[in-house]
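This report concerns only the one structure given below.
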Amino acid sequence: MSGARERRQQVGEAWTTWLVSRGQWRLFAACRSADPDLFFPISDSGPALEQAAEAKAICSTCRVRRECLAFALRTGQAHGIWGGATEDERAAARRPRT
């Protein structure tokens with residue numbers, strides 16, 4: 001990699017980190033170009049399982065997945081797939097462990 005290209009990449013990564021640290025993580029979400037309805041299946045059975053799997057596949061490639069999930073947990077998002085986790089998975093994560 002050339003020196004100039006490497007410096008541009010480093011600046012780009014620093015800029016991304018700065019924006020994410022200021023809550024602008026949505027700008028980098030892999031789901032930005034996907035249909036939002038995909039992330040809100042209407043049930044947890046039948047065709048909705050395939051829909052959830054497709055949404056989770058997008059989440060698995062996302063570089064701000066952790067921030068997305070943290071946002072959903074912090075703000076109590078009750079519906080949809082956030083950070084690759086369904087409503088039930090987020091509810092389980094919030095339950096106290098014994």
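So you can find residues: chains in the structure tokens are A, B, ... in the order shown, residues in each start at 1, and ligands are numbered from 1 in order.
Near Gly80 (chain A), within a cut-off of 10 Å and counting only C-alpha atoms, sit the residues Pro36, Asp37, Leu38, Phe39, Phe40, Pro41, Ile42, Ala52, Ala55, Ala72, Gln77, Ala78, Trp82, Gly83, Gly84, Ala85, Thr86, Glu87 and Asp88 of chain A, with same-chain residues fewer than 2 positions away left out.
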Dump as a CSV table (one decimal), in the first residue's frame, selection limited to all heavy atoms:
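The result, stored in again.csv:
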```csv
chain,number,residue,atom,x,y,z
A,36,PRO,N,-36.1,-1.3,5.9
A,36,PRO,CA,-36.3,-1.3,7.3
A,36,PRO,C,-37.3,-2.3,7.8
A,36,PRO,O,-37.1,-2.9,8.9
A,36,PRO,CB,-36.8,0.1,7.7
A,36,PRO,CG,-36.4,1.0,6.5
A,36,PRO,CD,-36.4,0.1,5.3
A,37,ASP,N,-38.3,-2.6,7.0
A,37,ASP,CA,-39.3,-3.7,7.4
A,37,ASP,C,-38.6,-5.0,7.6
A,37,ASP,O,-39.1,-5.8,8.4
A,37,ASP,CB,-40.4,-3.8,6.4
A,37,ASP,CG,-41.3,-2.6,6.3
A,37,ASP,OD1,-41.3,-1.8,7.3
A,37,ASP,OD2,-42.0,-2.4,5.3
A,38,LEU,N,-37.5,-5.3,7.0
A,38,LEU,CA,-36.8,-6.5,7.1
A,38,LEU,C,-36.4,-6.8,8.6
A,38,LEU,O,-36.4,-7.9,9.1
A,38,LEU,CB,-35.5,-6.5,6.3
A,38,LEU,CG,-34.7,-7.8,6.3
A,38,LEU,CD1,-35.4,-9.0,5.8
A,38,LEU,CD2,-33.4,-7.5,5.6
A,39,PHE,N,-36.1,-5.7,9.3
A,39,PHE,CA,-35.7,-5.8,10.7
A,39,PHE,C,-36.8,-5.8,11.7
A,39,PHE,O,-36.5,-5.8,12.9
A,39,PHE,CB,-34.7,-4.7,11.0
A,39,PHE,CG,-33.4,-4.8,10.2
A,39,PHE,CD1,-33.4,-4.3,8.9
A,39,PHE,CD2,-32.4,-5.5,10.6
A,39,PHE,CE1,-32.3,-4.4,8.1
A,39,PHE,CE2,-31.2,-5.6,9.8
A,39,PHE,CZ,-31.2,-5.1,8.6
A,40,PHE,N,-38.0,-5.9,11.3
A,40,PHE,CA,-39.2,-5.9,12.1
A,40,PHE,C,-40.2,-7.0,11.7
A,40,PHE,O,-41.3,-6.7,11.2
A,40,PHE,CB,-39.9,-4.5,12.2
A,40,PHE,CG,-39.0,-3.5,12.8
A,40,PHE,CD1,-38.2,-2.7,12.0
A,40,PHE,CD2,-39.0,-3.3,14.1
A,40,PHE,CE1,-37.3,-1.8,12.6
A,40,PHE,CE2,-38.2,-2.3,14.7
A,40,PHE,CZ,-37.4,-1.6,14.0
A,41,PRO,N,-39.8,-8.3,11.9
A,41,PRO,CA,-40.6,-9.4,11.5
A,41,PRO,C,-41.9,-9.3,12.4
A,41,PRO,O,-41.9,-8.9,13.5
A,41,PRO,CB,-39.8,-10.6,11.9
A,41,PRO,CG,-38.5,-10.2,12.2
A,41,PRO,CD,-38.5,-8.7,12.4
A,42,ILE,N,-43.0,-9.7,11.8
A,42,ILE,CA,-44.3,-9.6,12.5
A,42,ILE,C,-44.6,-10.8,13.4
A,42,ILE,O,-45.6,-10.7,14.2
A,42,ILE,CB,-45.5,-9.4,11.5
A,42,ILE,CG1,-45.6,-10.6,10.5
A,42,ILE,CG2,-45.3,-8.1,10.8
A,42,ILE,CD1,-46.8,-10.6,9.7
A,52,ALA,N,-36.0,-12.9,9.8
A,52,ALA,CA,-35.1,-12.6,10.9
A,52,ALA,C,-33.7,-13.0,10.6
A,52,ALA,O,-32.7,-12.3,10.9
A,52,ALA,CB,-35.6,-13.2,12.2
A,55,ALA,N,-32.1,-10.6,8.2
A,55,ALA,CA,-31.7,-9.3,8.9
A,55,ALA,C,-30.5,-9.6,9.7
A,55,ALA,O,-29.5,-8.8,9.7
A,55,ALA,CB,-32.9,-8.9,9.8
A,72,ALA,N,-30.0,-0.3,21.6
A,72,ALA,CA,-31.3,-1.0,21.8
A,72,ALA,C,-31.5,-1.4,23.3
A,72,ALA,O,-32.6,-1.2,23.8
A,72,ALA,CB,-31.4,-2.2,20.9
A,77,GLN,N,-35.5,-0.8,23.4
A,77,GLN,CA,-36.2,-1.1,22.1
A,77,GLN,C,-36.9,-2.5,22.3
A,77,GLN,O,-36.3,-3.5,22.5
A,77,GLN,CB,-35.2,-1.1,21.0
A,77,GLN,CG,-34.5,0.2,20.7
A,77,GLN,CD,-35.5,1.3,20.4
A,77,GLN,OE1,-36.4,1.1,19.5
A,77,GLN,NE2,-35.4,2.4,21.0
A,78,ALA,N,-38.2,-2.4,22.2
A,78,ALA,CA,-39.0,-3.7,22.4
A,78,ALA,C,-39.3,-4.4,21.2
A,78,ALA,O,-39.6,-5.6,21.2
A,78,ALA,CB,-40.3,-3.3,23.1
A,82,TRP,N,-32.0,-5.6,16.5
A,82,TRP,CA,-31.0,-4.5,16.7
A,82,TRP,C,-29.6,-5.2,17.0
A,82,TRP,O,-29.6,-6.1,17.9
A,82,TRP,CB,-31.4,-3.7,17.9
A,82,TRP,CG,-32.6,-2.8,17.6
A,82,TRP,CD1,-33.9,-3.2,17.7
A,82,TRP,CD2,-32.6,-1.5,17.2
A,82,TRP,NE1,-34.7,-2.2,17.4
A,82,TRP,CE2,-34.0,-1.1,17.1
A,82,TRP,CE3,-31.7,-0.5,16.9
A,82,TRP,CZ2,-34.4,0.2,16.7
A,82,TRP,CZ3,-32.1,0.7,16.5
A,82,TRP,CH2,-33.4,1.1,16.4
A,83,GLY,N,-28.6,-4.9,16.3
A,83,GLY,CA,-27.3,-5.4,16.6
A,83,GLY,C,-27.2,-6.9,16.5
A,83,GLY,O,-26.5,-7.6,17.1
A,84,GLY,N,-28.1,-7.5,15.7
A,84,GLY,CA,-28.1,-8.9,15.4
A,84,GLY,C,-28.9,-9.7,16.5
A,84,GLY,O,-28.9,-10.9,16.5
A,85,ALA,N,-29.6,-9.0,17.3
A,85,ALA,CA,-30.4,-9.7,18.4
A,85,ALA,C,-31.9,-9.4,18.2
A,85,ALA,O,-32.3,-8.3,18.0
A,85,ALA,CB,-29.9,-9.2,19.8
A,86,THR,N,-32.7,-10.5,18.4
A,86,THR,CA,-34.1,-10.3,18.3
A,86,THR,C,-34.7,-9.8,19.7
A,86,THR,O,-33.9,-9.6,20.6
A,86,THR,CB,-34.8,-11.7,18.1
A,86,THR,OG1,-34.5,-12.5,19.2
A,86,THR,CG2,-34.3,-12.3,16.8
A,87,GLU,N,-35.9,-9.5,19.7
A,87,GLU,CA,-36.6,-9.0,20.9
A,87,GLU,C,-36.4,-10.0,22.1
A,87,GLU,O,-36.0,-9.6,23.2
A,87,GLU,CB,-38.1,-8.8,20.7
A,87,GLU,CG,-38.4,-7.8,19.6
A,87,GLU,CD,-39.5,-8.3,18.7
A,87,GLU,OE1,-40.0,-9.4,18.8
A,87,GLU,OE2,-39.7,-7.5,17.7
A,88,ASP,N,-36.6,-11.3,21.8
A,88,ASP,CA,-36.4,-12.3,22.8
A,88,ASP,C,-35.0,-12.4,23.3
A,88,ASP,O,-34.7,-12.6,24.5
A,88,ASP,CB,-36.9,-13.7,22.3
A,88,ASP,CG,-38.4,-13.7,22.1
A,88,ASP,OD1,-39.1,-12.9,22.7
A,88,ASP,OD2,-38.8,-14.6,21.4
```
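Considering only C-alpha atoms, the residue among A:Ile81, A:Arg26, A:Arg74, A:Ala53 positioned nearest to Arg94 (chain A) is A:Arg74.
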Seminar exercise, completed: Expressed in Å, the length from CA of Ala70 (chain A) to CA of Gly46 (chain A) is 28.2 Å
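CA of Glu67 (chain A) is found 6.8 Å from CA of Trp25 (chain A).
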Problem set entry | Which residue of A:Ala93, A:Asp44, A:Glu50, A:Ala29 approaches Arg66 (chain A) most closely, using only C-alpha atoms | A:Ala29
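CA of Gly23 (chain A) is positioned 18.0 Å from CA of Cys59 (chain A).
Among the candidates A:Arg65, A:Ala92, A:Ser60, A:His79, the residue lying nearest to Phe28 (chain A) is A:Arg65 (atoms considered: only C-alpha atoms).
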